[in-house]
>>> print(open('work02.pdb').read())   # PDB, C-alpha atoms
ATOM      1  CA  MET I   1     -14.516  -1.848 -16.889
ATOM      2  CA  VAL I   2     -13.309  -2.582 -13.363
ATOM      3  CA  ALA I   3     -13.849   0.426 -11.094
ATOM      4  CA  LEU I   4     -10.745   2.247  -9.923
ATOM      5  CA  ARG I   5     -10.174   2.284  -6.174
ATOM      6  CA  LEU I   6      -9.305   4.909  -3.566
ATOM      7  CA  ILE I   7      -7.492   3.422  -0.574
ATOM      8  CA  PRO I   8      -6.590   5.404   2.551
ATOM      9  CA  CYS I   9      -3.341   4.151   4.083
ATOM     10  CA  LEU I  10      -2.856   4.017   7.829
ATOM     11  CA  ASP I  11       0.805   3.679   8.805
ATOM     12  CA  VAL I  12       0.781   2.487  12.416
ATOM     13  CA  ALA I  13       3.559   2.759  15.006
ATOM     14  CA  ASP I  14       3.106   2.210  18.751
ATOM     15  CA  GLY I  15      -0.643   1.932  18.282
ATOM     16  CA  ARG I  16      -1.055   5.295  16.506
ATOM     17  CA  VAL I  17      -1.333   6.385  12.896
ATOM     18  CA  VAL I  18       1.782   8.297  11.829
ATOM     19  CA  LYS I  19       2.898  10.103   8.687
ATOM     20  CA  GLY I  20       6.281  11.351   7.545
ATOM     21  CA  VAL I  21       8.210  12.406   4.468
ATOM     22  CA  ASN I  22      10.438   9.948   2.578
ATOM     23  CA  PHE I  23       9.822   7.407   5.389
ATOM     24  CA  VAL I  24      11.277   9.680   8.133
ATOM     25  CA  GLY I  25      10.131  12.572  10.375
ATOM     26  CA  LEU I  26       7.048  10.746  11.602
ATOM     27  CA  ARG I  27       4.223  12.715  13.206
ATOM     28  CA  ASP I  28       1.049  11.583  14.949
ATOM     29  CA  ALA I  29      -2.060  11.466  12.736
ATOM     30  CA  GLY I  30      -4.636   9.889  15.041
ATOM     31  CA  ASP I  31      -6.208   6.692  16.347
ATOM     32  CA  PRO I  32      -6.174   3.904  13.734
ATOM     33  CA  VAL I  33      -9.621   2.447  14.405
ATOM     34  CA  GLU I  34     -11.211   5.892  14.591
ATOM     35  CA  LEU I  35      -9.658   6.897  11.274
ATOM     36  CA  ALA I  36     -10.597   3.566   9.699
ATOM     37  CA  CYS I  37     -14.247   4.119  10.664
ATOM     38  CA  ARG I  38     -14.177   7.659   9.315
ATOM     39  CA  TYR I  39     -12.839   6.575   5.936
ATOM     40  CA  SER I  40     -15.173   3.595   5.746
ATOM     41  CA  GLN I  41     -18.173   5.844   6.338
ATOM     42  CA  ALA I  42     -16.822   8.434   3.873
ATOM     43  CA  GLY I  43     -16.926   5.965   0.996
ATOM     44  CA  ALA I  44     -13.355   4.713   0.697
ATOM     45  CA  ASP I  45     -13.173   1.519  -1.342
ATOM     46  CA  GLU I  46     -10.629  -0.262   0.855
ATOM     47  CA  LEU I  47      -8.132   0.421   3.630
ATOM     48  CA  VAL I  48      -4.502  -0.498   4.130
ATOM     49  CA  PHE I  49      -2.912  -0.841   7.573
ATOM     50  CA  LEU I  50       0.881  -1.003   7.639
ATOM     51  CA  ASP I  51       2.563  -1.700  10.981
ATOM     52  CA  ILE I  52       5.714   0.119   9.891
ATOM     53  CA  ALA I  53       7.852  -0.778  12.892
ATOM     54  CA  ALA I  54       6.990  -4.479  13.179
ATOM     55  CA  THR I  55       9.759  -5.849  10.950
ATOM     56  CA  HIS I  56      12.435  -3.528  12.325
ATOM     57  CA  GLN I  57      11.421  -4.389  15.900
ATOM     58  CA  ARG I  58      11.184  -8.083  14.971
ATOM     59  CA  ARG I  59       7.673  -8.586  16.294
ATOM     60  CA  ALA I  60       4.333  -9.653  14.885
ATOM     61  CA  THR I  61       1.672  -7.304  13.546
ATOM     62  CA  LEU I  62      -0.812  -6.068  16.142
ATOM     63  CA  VAL I  63      -3.580  -8.659  15.918
ATOM     64  CA  ASP I  64      -5.861  -6.901  18.398
ATOM     65  CA  LEU I  65      -5.875  -3.793  16.214
ATOM     66  CA  VAL I  66      -6.902  -5.925  13.237
ATOM     67  CA  ARG I  67      -9.703  -7.521  15.210
ATOM     68  CA  ARG I  68     -11.060  -4.171  16.438
ATOM     69  CA  THR I  69     -10.892  -2.719  12.943
ATOM     70  CA  ALA I  70     -12.757  -5.686  11.450
ATOM     71  CA  GLU I  71     -15.552  -5.144  13.960
ATOM     72  CA  ALA I  72     -15.802  -1.437  13.108
ATOM     73  CA  VAL I  73     -15.581  -1.095   9.316
ATOM     74  CA  THR I  74     -17.672  -2.326   6.409
ATOM     75  CA  ILE I  75     -15.052  -2.264   3.638
ATOM     76  CA  PRO I  76     -12.164  -4.651   2.851
ATOM     77  CA  PHE I  77      -8.817  -3.947   4.438
ATOM     78  CA  THR I  78      -5.249  -5.117   3.984
ATOM     79  CA  VAL I  79      -2.737  -5.525   6.803
ATOM     80  CA  GLY I  80       1.034  -5.583   6.523
ATOM     81  CA  GLY I  81       4.138  -5.421   8.669
ATOM     82  CA  GLY I  82       6.046  -8.168  10.433
ATOM     83  CA  ILE I  83       4.294 -11.049   8.645
ATOM     84  CA  SER I  84       6.874 -13.759   8.130
ATOM     85  CA  SER I  85       5.049 -17.113   8.124
ATOM     86  CA  GLN I  86       1.937 -18.940   6.986
ATOM     87  CA  GLU I  87       0.848 -18.983  10.609
ATOM     88  CA  GLY I  88       1.105 -15.197  10.738
ATOM     89  CA  ILE I  89      -1.010 -14.880   7.613
ATOM     90  CA  THR I  90      -3.610 -17.267   9.037
ATOM     91  CA  GLU I  91      -3.808 -15.374  12.335
ATOM     92  CA  LEU I  92      -4.451 -12.026  10.654
ATOM     93  CA  LEU I  93      -7.034 -13.376   8.222
ATOM     94  CA  ARG I  94      -8.842 -15.082  11.099
ATOM     95  CA  ALA I  95      -8.753 -11.799  13.025
ATOM     96  CA  GLY I  96     -10.699 -10.183  10.179
ATOM     97  CA  ALA I  97      -8.235  -8.886   7.603
ATOM     98  CA  ASP I  98      -9.305  -9.429   3.991
ATOM     99  CA  LYS I  99      -5.765  -9.366   2.574
ATOM    100  CA  ILE I 100      -2.249  -9.384   3.914
ATOM    101  CA  SER I 101       0.705  -7.430   2.586
ATOM    102  CA  LEU I 102       4.185  -8.940   2.411
ATOM    103  CA  ASN I 103       7.301  -6.840   1.971
ATOM    104  CA  SER I 104      10.599  -7.657   3.705
ATOM    105  CA  SER I 105       9.580 -11.260   4.358
ATOM    106  CA  ALA I 106       8.742 -11.780   0.686
ATOM    107  CA  VAL I 107      12.242 -10.684  -0.317
ATOM    108  CA  ARG I 108      13.823 -12.984   2.272
ATOM    109  CA  ASN I 109      11.552 -15.907   1.422
ATOM    110  CA  PRO I 110       9.762 -15.600  -1.941
ATOM    111  CA  ASP I 111       8.141 -19.001  -1.359
ATOM    112  CA  LEU I 112       5.961 -17.261   1.233
ATOM    113  CA  ILE I 113       4.141 -15.600  -1.674
ATOM    114  CA  SER I 114       3.456 -18.794  -3.620
ATOM    115  CA  GLN I 115       2.579 -20.776  -0.499
ATOM    116  CA  GLY I 116       0.216 -18.061   0.702
ATOM    117  CA  ALA I 117      -1.436 -17.759  -2.701
ATOM    118  CA  LYS I 118      -1.935 -21.511  -2.923
ATOM    119  CA  ARG I 119      -3.336 -21.812   0.588
ATOM    120  CA  PHE I 120      -5.467 -18.676   0.848
ATOM    121  CA  GLY I 121      -5.956 -17.582  -2.765
ATOM    122  CA  CYS I 122      -4.109 -15.004  -4.833
ATOM    123  CA  GLN I 123      -6.675 -12.359  -3.905
ATOM    124  CA  CYS I 124      -5.445 -12.451  -0.297
ATOM    125  CA  ILE I 125      -1.770 -11.858  -1.073
ATOM    126  CA  VAL I 126      -0.498  -8.330  -1.715
ATOM    127  CA  VAL I 127       3.207  -7.704  -2.172
ATOM    128  CA  ALA I 128       4.383  -4.244  -1.138
ATOM    129  CA  ILE I 129       7.359  -2.868  -3.036
ATOM    130  CA  ASP I 130       9.155   0.187  -1.632
ATOM    131  CA  ALA I 131      11.181   1.564  -4.528
ATOM    132  CA  ARG I 132      13.760   4.363  -4.706
ATOM    133  CA  ARG I 133      15.279   5.686  -7.916
ATOM    134  CA  ASN I 134      18.836   4.585  -8.647
ATOM    135  CA  LYS I 135      20.031   7.713 -10.429
ATOM    136  CA  ASN I 136      23.171   6.036 -11.720
ATOM    137  CA  GLN I 137      21.227   3.425 -13.661
ATOM    138  CA  ASN I 138      17.903   5.241 -14.143
ATOM    139  CA  THR I 139      16.084   2.334 -12.528
ATOM    140  CA  TRP I 140      14.528   1.732  -9.104
ATOM    141  CA  ASP I 141      15.956  -0.296  -6.223
ATOM    142  CA  VAL I 142      13.814  -2.298  -3.804
ATOM    143  CA  TYR I 143      14.139  -1.343  -0.135
ATOM    144  CA  VAL I 144      13.010  -3.346   2.902
ATOM    145  CA  GLU I 145      12.816  -2.997   6.699
ATOM    146  CA  GLY I 146      10.743   0.163   6.506
ATOM    147  CA  GLY I 147      12.973   1.692   3.869
ATOM    148  CA  ARG I 148      16.126   1.185   5.891
ATOM    149  CA  ARG I 149      17.939  -1.311   3.657
ATOM    150  CA  ASN I 150      18.577  -1.405  -0.067
ATOM    151  CA  THR I 151      18.276  -4.986  -1.279
ATOM    152  CA  GLY I 152      19.943  -4.267  -4.621
ATOM    153  CA  LEU I 153      16.934  -5.844  -6.359
ATOM    154  CA  ASP I 154      15.591  -4.098  -9.438
ATOM    155  CA  ALA I 155      11.973  -3.081  -8.807
ATOM    156  CA  LEU I 156      10.726  -4.089 -12.258
ATOM    157  CA  THR I 157      12.396  -7.508 -12.088
ATOM    158  CA  TRP I 158      11.030  -8.091  -8.598
ATOM    159  CA  ALA I 159       7.514  -7.012  -9.583
ATOM    160  CA  ARG I 160       7.461  -9.512 -12.433
ATOM    161  CA  LYS I 161       8.694 -12.245 -10.125
ATOM    162  CA  VAL I 162       6.078 -11.668  -7.418
ATOM    163  CA  ALA I 163       3.353 -11.727 -10.074
ATOM    164  CA  ASP I 164       4.695 -15.034 -11.357
ATOM    165  CA  LEU I 165       4.735 -16.394  -7.797
ATOM    166  CA  GLY I 166       1.018 -15.748  -7.387
ATOM    167  CA  ALA I 167       0.629 -12.343  -5.743
ATOM    168  CA  GLY I 168      -2.825 -10.901  -6.356
ATOM    169  CA  GLU I 169      -1.689  -7.287  -6.527
ATOM    170  CA  ILE I 170       1.274  -5.006  -5.918
ATOM    171  CA  LEU I 171       1.359  -2.060  -3.526
ATOM    172  CA  LEU I 172       4.008   0.129  -5.153
ATOM    173  CA  THR I 173       5.435   2.984  -3.081
ATOM    174  CA  SER I 174       7.782   5.603  -4.456
ATOM    175  CA  MET I 175      10.110   6.350  -1.559
ATOM    176  CA  ASP I 176      11.211   9.512  -3.370
ATOM    177  CA  GLY I 177       7.642  10.778  -3.452
ATOM    178  CA  ASP I 178       6.419   9.512  -0.066
ATOM    179  CA  GLY I 179       4.796  12.316   1.937
ATOM    180  CA  THR I 180       6.036  15.073  -0.371
ATOM    181  CA  GLN I 181       2.652  15.810  -1.995
ATOM    182  CA  ALA I 182       4.609  16.522  -5.186
ATOM    183  CA  GLY I 183       2.830  13.838  -7.222
ATOM    184  CA  TYR I 184       3.164  10.113  -7.777
ATOM    185  CA  ASP I 185       6.178   8.768  -9.643
ATOM    186  CA  LEU I 186       4.186   8.170 -12.807
ATOM    187  CA  ASN I 187       7.110   6.688 -14.689
ATOM    188  CA  LEU I 188       7.686   4.092 -11.970
ATOM    189  CA  THR I 189       3.990   3.265 -11.648
ATOM    190  CA  ARG I 190       3.406   2.979 -15.392
ATOM    191  CA  THR I 191       6.566   0.906 -15.915
ATOM    192  CA  ILE I 192       5.436  -1.657 -13.349
ATOM    193  CA  ALA I 193       1.722  -1.590 -14.219
ATOM    194  CA  GLU I 194       2.378  -2.225 -17.902
ATOM    195  CA  SER I 195       4.753  -5.096 -17.113
ATOM    196  CA  VAL I 196       2.644  -7.265 -14.815
ATOM    197  CA  PRO I 197      -0.776  -8.916 -15.275
ATOM    198  CA  ILE I 198      -2.029  -7.961 -11.795
ATOM    199  CA  PRO I 199      -3.371  -4.691 -10.340
ATOM    200  CA  VAL I 200      -0.883  -2.078  -9.130
ATOM    201  CA  ILE I 201      -1.696   0.318  -6.300
ATOM    202  CA  ALA I 202       0.108   3.662  -6.703
ATOM    203  CA  SER I 203       1.554   5.068  -3.491
ATOM    204  CA  GLY I 204       3.731   7.986  -2.496
ATOM    205  CA  GLY I 205       3.315  11.646  -3.369
ATOM    206  CA  ALA I 206      -0.367  12.512  -3.838
ATOM    207  CA  GLY I 207      -0.793  16.241  -3.323
ATOM    208  CA  SER I 208      -3.751  17.263  -5.474
ATOM    209  CA  LEU I 209      -6.807  16.017  -7.307
ATOM    210  CA  GLN I 210      -4.846  16.123 -10.556
ATOM    211  CA  HIS I 211      -2.105  13.915  -9.084
ATOM    212  CA  ILE I 212      -4.672  11.256  -8.212
ATOM    213  CA  ALA I 213      -6.257  11.352 -11.655
ATOM    214  CA  GLU I 214      -2.813  11.085 -13.260
ATOM    215  CA  ALA I 215      -2.036   7.963 -11.242
ATOM    216  CA  PHE I 216      -4.862   6.302 -13.153
ATOM    217  CA  THR I 217      -4.548   7.930 -16.576
ATOM    218  CA  LYS I 218      -0.770   8.300 -16.953
ATOM    219  CA  GLY I 219       0.441   5.859 -14.303
ATOM    220  CA  LYS I 220      -1.987   3.082 -15.342
ATOM    221  CA  ALA I 221      -2.623   2.200 -11.689
ATOM    222  CA  SER I 222      -5.713   0.256 -10.626
ATOM    223  CA  ALA I 223      -5.881   1.998  -7.248
ATOM    224  CA  ALA I 224      -4.441   5.061  -5.537
ATOM    225  CA  LEU I 225      -3.179   4.998  -1.970
ATOM    226  CA  LEU I 226      -3.769   8.196   0.019
ATOM    227  CA  ALA I 227      -2.485   9.358   3.387
ATOM    228  CA  SER I 228      -1.503  12.976   4.133
ATOM    229  CA  LEU I 229      -4.192  14.526   1.939
ATOM    230  CA  LEU I 230      -6.884  12.738   3.924
ATOM    231  CA  HIS I 231      -5.267  12.689   7.377
ATOM    232  CA  ASP I 232      -4.677  16.461   7.242
ATOM    233  CA  GLY I 233      -8.180  17.217   5.986
ATOM    234  CA  ILE I 234      -7.001  18.767   2.728
ATOM    235  CA  LEU I 235      -9.405  16.637   0.704
ATOM    236  CA  THR I 236     -12.196  14.199   1.459
ATOM    237  CA  VAL I 237     -12.931  10.887  -0.208
ATOM    238  CA  GLY I 238     -16.147  12.384  -1.558
ATOM    239  CA  GLN I 239     -14.374  15.344  -3.155
ATOM    240  CA  ILE I 240     -11.831  13.074  -4.807
ATOM    241  CA  LYS I 241     -14.474  10.710  -6.182
ATOM    242  CA  GLN I 242     -16.528  13.600  -7.551
ATOM    243  CA  TYR I 243     -13.470  15.026  -9.321
ATOM    244  CA  LEU I 244     -12.496  11.678 -10.802
ATOM    245  CA  SER I 245     -16.051  11.039 -11.940
ATOM    246  CA  ASN I 246     -16.045  14.433 -13.661
ATOM    247  CA  GLN I 247     -12.903  13.281 -15.495
ATOM    248  CA  SER I 248     -14.936  10.338 -16.864
ATOM    249  CA  LEU I 249     -13.000   7.807 -14.810
ATOM    250  CA  SER I 250     -14.759   4.682 -13.596
ATOM    251  CA  ILE I 251     -15.215   5.268  -9.858
ATOM    252  CA  ARG I 252     -17.410   3.471  -7.378
ATOM    253  CA  PRO I 253     -20.053   5.785  -5.876
ATOM    254  CA  THR I 254     -19.418   7.164  -2.404
TER     255      THR I 254
END
>>> encode(input="work02.pdb", output="structure tokens")
Amino acid sequence: MVALRLIPCLDVADGRVVKGVNFVGLRDAGDPVELACRYSQAGADELVFLDIAATHQRRATLVDLVRRTAEAVTIPFTVGGGISSQEGITELLRAGADKISLNSSAVRNPDLISQGAKRFGCQCIVVAIDARRNKNQNTWDVYVEGGRRNTGLDALTWARKVADLGAGEILLTSMDGDGTQAGYDLNLTRTIAESVPIPVIASGGAGSLQHIAEAFTKGKASAALLASLLHDGILTVGQIKQYLSNQSLSIRPT
């Protein structure tokens, strides 16, 4: 059995880690490289850096931050935000990122997924899907530009397409749950995870040890993304892994 993963998420804006609720009300959560080192040493399996303002501000992801992080941590990390070309992917991988995450640019140009997978390998290409429930249709819509614009795409249809195009995994964020600590959207996560042949990372809403376990057991996720719980010191990576291990889940040792 492949071990389940715990992945701290560092949302970066203006060179600092920030956290909000439902993608708004951002507050400072610390220095990105310092936090990355802390989580690496604590036993996190991977890290995700998302430059959340890059696409909206129409600029490239902060390459220097990637380079400094690569020099400081010993675990794989994914970088996303403002990546819109093969050249941008190449620059970040050369700077030390292990994977890159495509979101808005993948919607605008789906060929970026297939081209990236062919050139760098599927394992390097993560597609991030920010999904919000469409209450009228009981489905989920795909949002881009940091959650600012509804594309009208159905999240399940889009997830299947990105898998077909060669994405290695999907980073699936429930915009309704983001930062609320009310629990992952298990229905959303399970619906996507059971419909694609690639790993799905659950994101948005973790507020307790039980929520994290449920992301794996009920949501069928391969990994759980964590932010507020760790940034605010409510739980540690070690505490989470011990709990999950006690639930007989396959977890890598700290």
>>> residues_around(input="work02.pdb", residues="Phe77 of chain I", least_positions_apart="3", cutoff="8 Å", atoms="all atoms listed in the file", output="count of residues only")
7
>>> resolve_selection(input="work02.pdb", expression="the PyMOL selection byres ((chain I and resi 107) around 10)", output="list in words")
Leu102, Asn103, Ser104, Ser105, Ala106, Arg108, Asn109, Pro110, Asp111, Leu112, Ile113, Val127, Ile129, Val142, Tyr143, Val144, Thr151, Leu153, Trp158 and Val162 of chain I
>>> atom_distance(input="work02.pdb", atom1="atom CA of Gln210 of chain I", atom2="atom CA of Gly179 of chain I")
16.2 Å
>>> residues_around(input="work02.pdb", residues="Leu156 of chain I", least_positions_apart="4", cutoff="8 Å", atoms="only C-alpha atoms", output="VMD selection string")
chain I and resid 140 160 191 to 192 195
>>> resolve_selection(input="work02.pdb", expression="the PyMOL selection byres ((chain I and resi 169) around 6)", output="PyMOL selection string")
chain I and resi 126+167-168+170+198-200
>>> resolve_selection(input="work02.pdb", expression="the PyMOL selection byres ((chain I and resi 202) around 12)", output="number ranges by chain")
I: 4-9, 128-131, 169-175, 177-178, 183-193, 199-201, 203-206, 211-227
>>> write_last_selection(input="work02.pdb", atoms="C-alpha atoms", output="tab-separated table (two decimals), keeping the file's coordinate frame")
chain	number	residue	atom	x	y	z
I	4	LEU	CA	-10.74	2.25	-9.92
I	5	ARG	CA	-10.17	2.28	-6.17
I	6	LEU	CA	-9.30	4.91	-3.57
I	7	ILE	CA	-7.49	3.42	-0.57
I	8	PRO	CA	-6.59	5.40	2.55
I	9	CYS	CA	-3.34	4.15	4.08
I	128	ALA	CA	4.38	-4.24	-1.14
I	129	ILE	CA	7.36	-2.87	-3.04
I	130	ASP	CA	9.15	0.19	-1.63
I	131	ALA	CA	11.18	1.56	-4.53
I	169	GLU	CA	-1.69	-7.29	-6.53
I	170	ILE	CA	1.27	-5.01	-5.92
I	171	LEU	CA	1.36	-2.06	-3.53
I	172	LEU	CA	4.01	0.13	-5.15
I	173	THR	CA	5.44	2.98	-3.08
I	174	SER	CA	7.78	5.60	-4.46
I	175	MET	CA	10.11	6.35	-1.56
I	177	GLY	CA	7.64	10.78	-3.45
I	178	ASP	CA	6.42	9.51	-0.07
I	183	GLY	CA	2.83	13.84	-7.22
I	184	TYR	CA	3.16	10.11	-7.78
I	185	ASP	CA	6.18	8.77	-9.64
I	186	LEU	CA	4.19	8.17	-12.81
I	187	ASN	CA	7.11	6.69	-14.69
I	188	LEU	CA	7.69	4.09	-11.97
I	189	THR	CA	3.99	3.26	-11.65
I	190	ARG	CA	3.41	2.98	-15.39
I	191	THR	CA	6.57	0.91	-15.92
I	192	ILE	CA	5.44	-1.66	-13.35
I	193	ALA	CA	1.72	-1.59	-14.22
I	199	PRO	CA	-3.37	-4.69	-10.34
I	200	VAL	CA	-0.88	-2.08	-9.13
I	201	ILE	CA	-1.70	0.32	-6.30
I	203	SER	CA	1.55	5.07	-3.49
I	204	GLY	CA	3.73	7.99	-2.50
I	205	GLY	CA	3.32	11.65	-3.37
I	206	ALA	CA	-0.37	12.51	-3.84
I	211	HIS	CA	-2.10	13.92	-9.08
I	212	ILE	CA	-4.67	11.26	-8.21
I	213	ALA	CA	-6.26	11.35	-11.66
I	214	GLU	CA	-2.81	11.08	-13.26
I	215	ALA	CA	-2.04	7.96	-11.24
I	216	PHE	CA	-4.86	6.30	-13.15
I	217	THR	CA	-4.55	7.93	-16.58
I	218	LYS	CA	-0.77	8.30	-16.95
I	219	GLY	CA	0.44	5.86	-14.30
I	220	LYS	CA	-1.99	3.08	-15.34
I	221	ALA	CA	-2.62	2.20	-11.69
I	222	SER	CA	-5.71	0.26	-10.63
I	223	ALA	CA	-5.88	2.00	-7.25
I	224	ALA	CA	-4.44	5.06	-5.54
I	225	LEU	CA	-3.18	5.00	-1.97
I	226	LEU	CA	-3.77	8.20	0.02
I	227	ALA	CA	-2.48	9.36	3.39
>>> residues_around(input="work02.pdb", residues="Ala95 of chain I", least_positions_apart="4", cutoff="7 Å", atoms="only C-alpha atoms", output="mmCIF file with C-alpha atoms, in the coordinates of the input")
data_model
loop_
_atom_site.group_PDB
_atom_site.id
_atom_site.type_symbol
_atom_site.label_atom_id
_atom_site.label_comp_id
_atom_site.auth_asym_id
_atom_site.auth_seq_id
_atom_site.Cartn_x
_atom_site.Cartn_y
_atom_site.Cartn_z
ATOM 1 C CA VAL I 63 -3.580 -8.659 15.918
ATOM 2 C CA VAL I 66 -6.902 -5.925 13.237
ATOM 3 C CA ARG I 67 -9.703 -7.521 15.210
ATOM 4 C CA GLU I 91 -3.808 -15.374 12.335
#
>>> axis_aligned_box(input="work02.pdb", around="segment 229-233 of chain I", padding_each_side="6 Å", output="JSON")
{"center_x": -6.2, "center_y": 15.0, "center_z": 4.7, "size_x": 16.0, "size_y": 16.5, "size_z": 17.4}
>>> closest_residue(input="work02.pdb", among="I:Arg38, I:Lys118, I:His231, I:Arg94", to="Asp64 of chain I", atoms="all atoms listed in the file")
I:Arg94
>>> closest_residue(input="work02.pdb", among="I:Gly80, I:Gly30, I:Gly96, I:Gly43", to="Gln242 of chain I", atoms="only C-alpha atoms")
I:Gly43
>>> closest_residue(input="work02.pdb", among="I:Ala182, I:Leu209, I:Thr139, I:Asn150", to="Ser245 of chain I", atoms="all atoms listed in the file")
I:Leu209
>>> atom_distance(input="work02.pdb", atom1="atom CA of Pro197 of chain I", atom2="atom CA of Ala3 of chain I")
16.6 Å
>>> residues_around(input="work02.pdb", residues="Arg119 of chain I", least_positions_apart="6", cutoff="12 Å", atoms="only C-alpha atoms", output="ChimeraX atom specification")
/I:86-87,89-90,93,111-113,125,166
>>> atom_distance(input="work02.pdb", atom1="atom CA of Val17 of chain I", atom2="atom CA of Gly121 of chain I")
29.0 Å
>>> closest_residue(input="work02.pdb", among="I:Thr78, I:Ser250, I:Asn138, I:Gln115", to="Asp11 of chain I", atoms="all atoms listed in the file")
I:Thr78
>>> decode(input="work02.pdb", residues="segment 111-129 of chain I", atoms="N, CA and C atoms", output="mmCIF file, in the first residue's frame")
data_model
loop_
_atom_site.group_PDB
_atom_site.id
_atom_site.type_symbol
_atom_site.label_atom_id
_atom_site.label_comp_id
_atom_site.auth_asym_id
_atom_site.auth_seq_id
_atom_site.Cartn_x
_atom_site.Cartn_y
_atom_site.Cartn_z
ATOM 1 N N ASP I 111 -3.199 22.524 -23.175
ATOM 2 C CA ASP I 111 -2.032 21.886 -23.783
ATOM 3 C C ASP I 111 -0.795 22.032 -22.910
ATOM 4 N N LEU I 112 -0.798 23.031 -22.017
ATOM 5 C CA LEU I 112 0.332 23.224 -21.114
ATOM 6 C C LEU I 112 0.519 21.991 -20.229
ATOM 7 N N ILE I 113 -0.582 21.332 -19.879
ATOM 8 C CA ILE I 113 -0.508 20.121 -19.068
ATOM 9 C C ILE I 113 0.167 18.999 -19.846
ATOM 10 N N SER I 114 -0.355 18.719 -21.038
ATOM 11 C CA SER I 114 0.183 17.599 -21.828
ATOM 12 C C SER I 114 1.612 17.867 -22.259
ATOM 13 N N GLN I 115 1.923 19.097 -22.641
ATOM 14 C CA GLN I 115 3.284 19.432 -23.038
ATOM 15 C C GLN I 115 4.244 19.300 -21.869
ATOM 16 N N GLY I 116 3.815 19.778 -20.698
ATOM 17 C CA GLY I 116 4.661 19.671 -19.511
ATOM 18 C C GLY I 116 4.892 18.230 -19.107
ATOM 19 N N ALA I 117 3.821 17.421 -19.173
ATOM 20 C CA ALA I 117 3.948 16.011 -18.805
ATOM 21 C C ALA I 117 4.891 15.279 -19.755
ATOM 22 N N LYS I 118 4.792 15.594 -21.032
ATOM 23 C CA LYS I 118 5.643 14.939 -22.021
ATOM 24 C C LYS I 118 7.104 15.344 -21.851
ATOM 25 N N ARG I 119 7.326 16.607 -21.542
ATOM 26 C CA ARG I 119 8.702 17.109 -21.461
ATOM 27 C C ARG I 119 9.375 16.785 -20.131
ATOM 28 N N PHE I 120 8.625 16.885 -19.038
ATOM 29 C CA PHE I 120 9.236 16.749 -17.715
ATOM 30 C C PHE I 120 8.794 15.494 -16.969
ATOM 31 N N GLY I 121 7.770 14.816 -17.471
ATOM 32 C CA GLY I 121 7.235 13.648 -16.785
ATOM 33 C C GLY I 121 5.971 13.990 -16.020
ATOM 34 N N CYS I 122 5.028 13.061 -16.035
ATOM 35 C CA CYS I 122 3.746 13.300 -15.357
ATOM 36 C C CYS I 122 3.934 13.620 -13.879
ATOM 37 N N GLN I 123 4.960 13.017 -13.268
ATOM 38 C CA GLN I 123 5.155 13.194 -11.829
ATOM 39 C C GLN I 123 5.468 14.635 -11.456
ATOM 40 N N CYS I 124 5.873 15.445 -12.432
ATOM 41 C CA CYS I 124 6.213 16.842 -12.155
ATOM 42 C C CYS I 124 5.024 17.793 -12.292
ATOM 43 N N ILE I 125 3.915 17.300 -12.852
ATOM 44 C CA ILE I 125 2.812 18.192 -13.188
ATOM 45 C C ILE I 125 1.622 17.937 -12.271
ATOM 46 N N VAL I 126 1.332 18.919 -11.432
ATOM 47 C CA VAL I 126 0.157 18.903 -10.556
ATOM 48 C C VAL I 126 -0.830 19.927 -11.098
ATOM 49 N N VAL I 127 -2.088 19.561 -11.181
ATOM 50 C CA VAL I 127 -3.107 20.542 -11.549
ATOM 51 C C VAL I 127 -3.939 20.857 -10.312
ATOM 52 N N ALA I 128 -3.968 22.135 -9.951
ATOM 53 C CA ALA I 128 -4.759 22.597 -8.816
ATOM 54 C C ALA I 128 -6.155 22.974 -9.301
ATOM 55 N N ILE I 129 -7.153 22.465 -8.609
ATOM 56 C CA ILE I 129 -8.542 22.775 -8.933
ATOM 57 C C ILE I 129 -9.188 23.418 -7.713
#
